[in-house]
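Trainee: Submitted below is the structure of interest, expressed as structure tokens.
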Amino acid sequence: PGWRVISYALVVAAPLTVPLTVALALTTEVRPSAVSLAGFAYVGLISMFLGFIPWYAGLAKGGIARAGQTQLAQPLLTLLWAWLLLGEPFDPVTVVAALAVLVCVAVSQRARS
């Protein structure tokens with residue numbers, strides 16, 4: 001299941017991430033605010049950990065290769081939502097790069113079928 005995969009990944013990464021975190025904490029002034037701690041907790045628990053459960057379930061249902069291709073559409077979707085919800089401006093190079101990724105995904109999907 002998805003929760004096991006991400007749990008194993010965290011355990012495997014711990015020997016590298018824990019000492020680096022400790023070293024940075026000892027050499028950097030730490031001044032966390034309530035908002036930053038809440039954001040960290042949300043990203044760490046909800047977004048990164050619990051989000052993997054439906055993601056891996058979707059991969060299992062749709063097939064890893066096919067469903068994994070949808071993740072490549074994220075750059076374009078991120079730009080779209082940032083523009084719609086936040087009014088973010090983008091230069092033409094950013095839009096062209098996102099569209100290039102989307103075209104590559106479409107071409108690879110058609111080549112497989």
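Each chain in the structure tokens gets a letter, A, B and so on, in the order shown; residues start at 1 in every chain, and ligands are counted from 1 in the order they appear.
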For segment 64-68 of chain A, find every residue with an atom within 10 Å (counting only C-alpha atoms), except residues of its own chain fewer than 3 positions away, and show them as a list in words.
Mentor: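 The contact residues come out as Trp55, Tyr56, Gly58, Leu59, Ala60, Lys61, Gln71, Leu72, Ala73, Ser108, Gln109 and Arg112 of chain A.
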Trainee: Rank nothing, just name the residue among A:Leu37, A:Val18, A:Ile6, A:Leu26 nearest to Phe52 of chain A, using only C-alpha atoms.
Mentor: A:Ile6
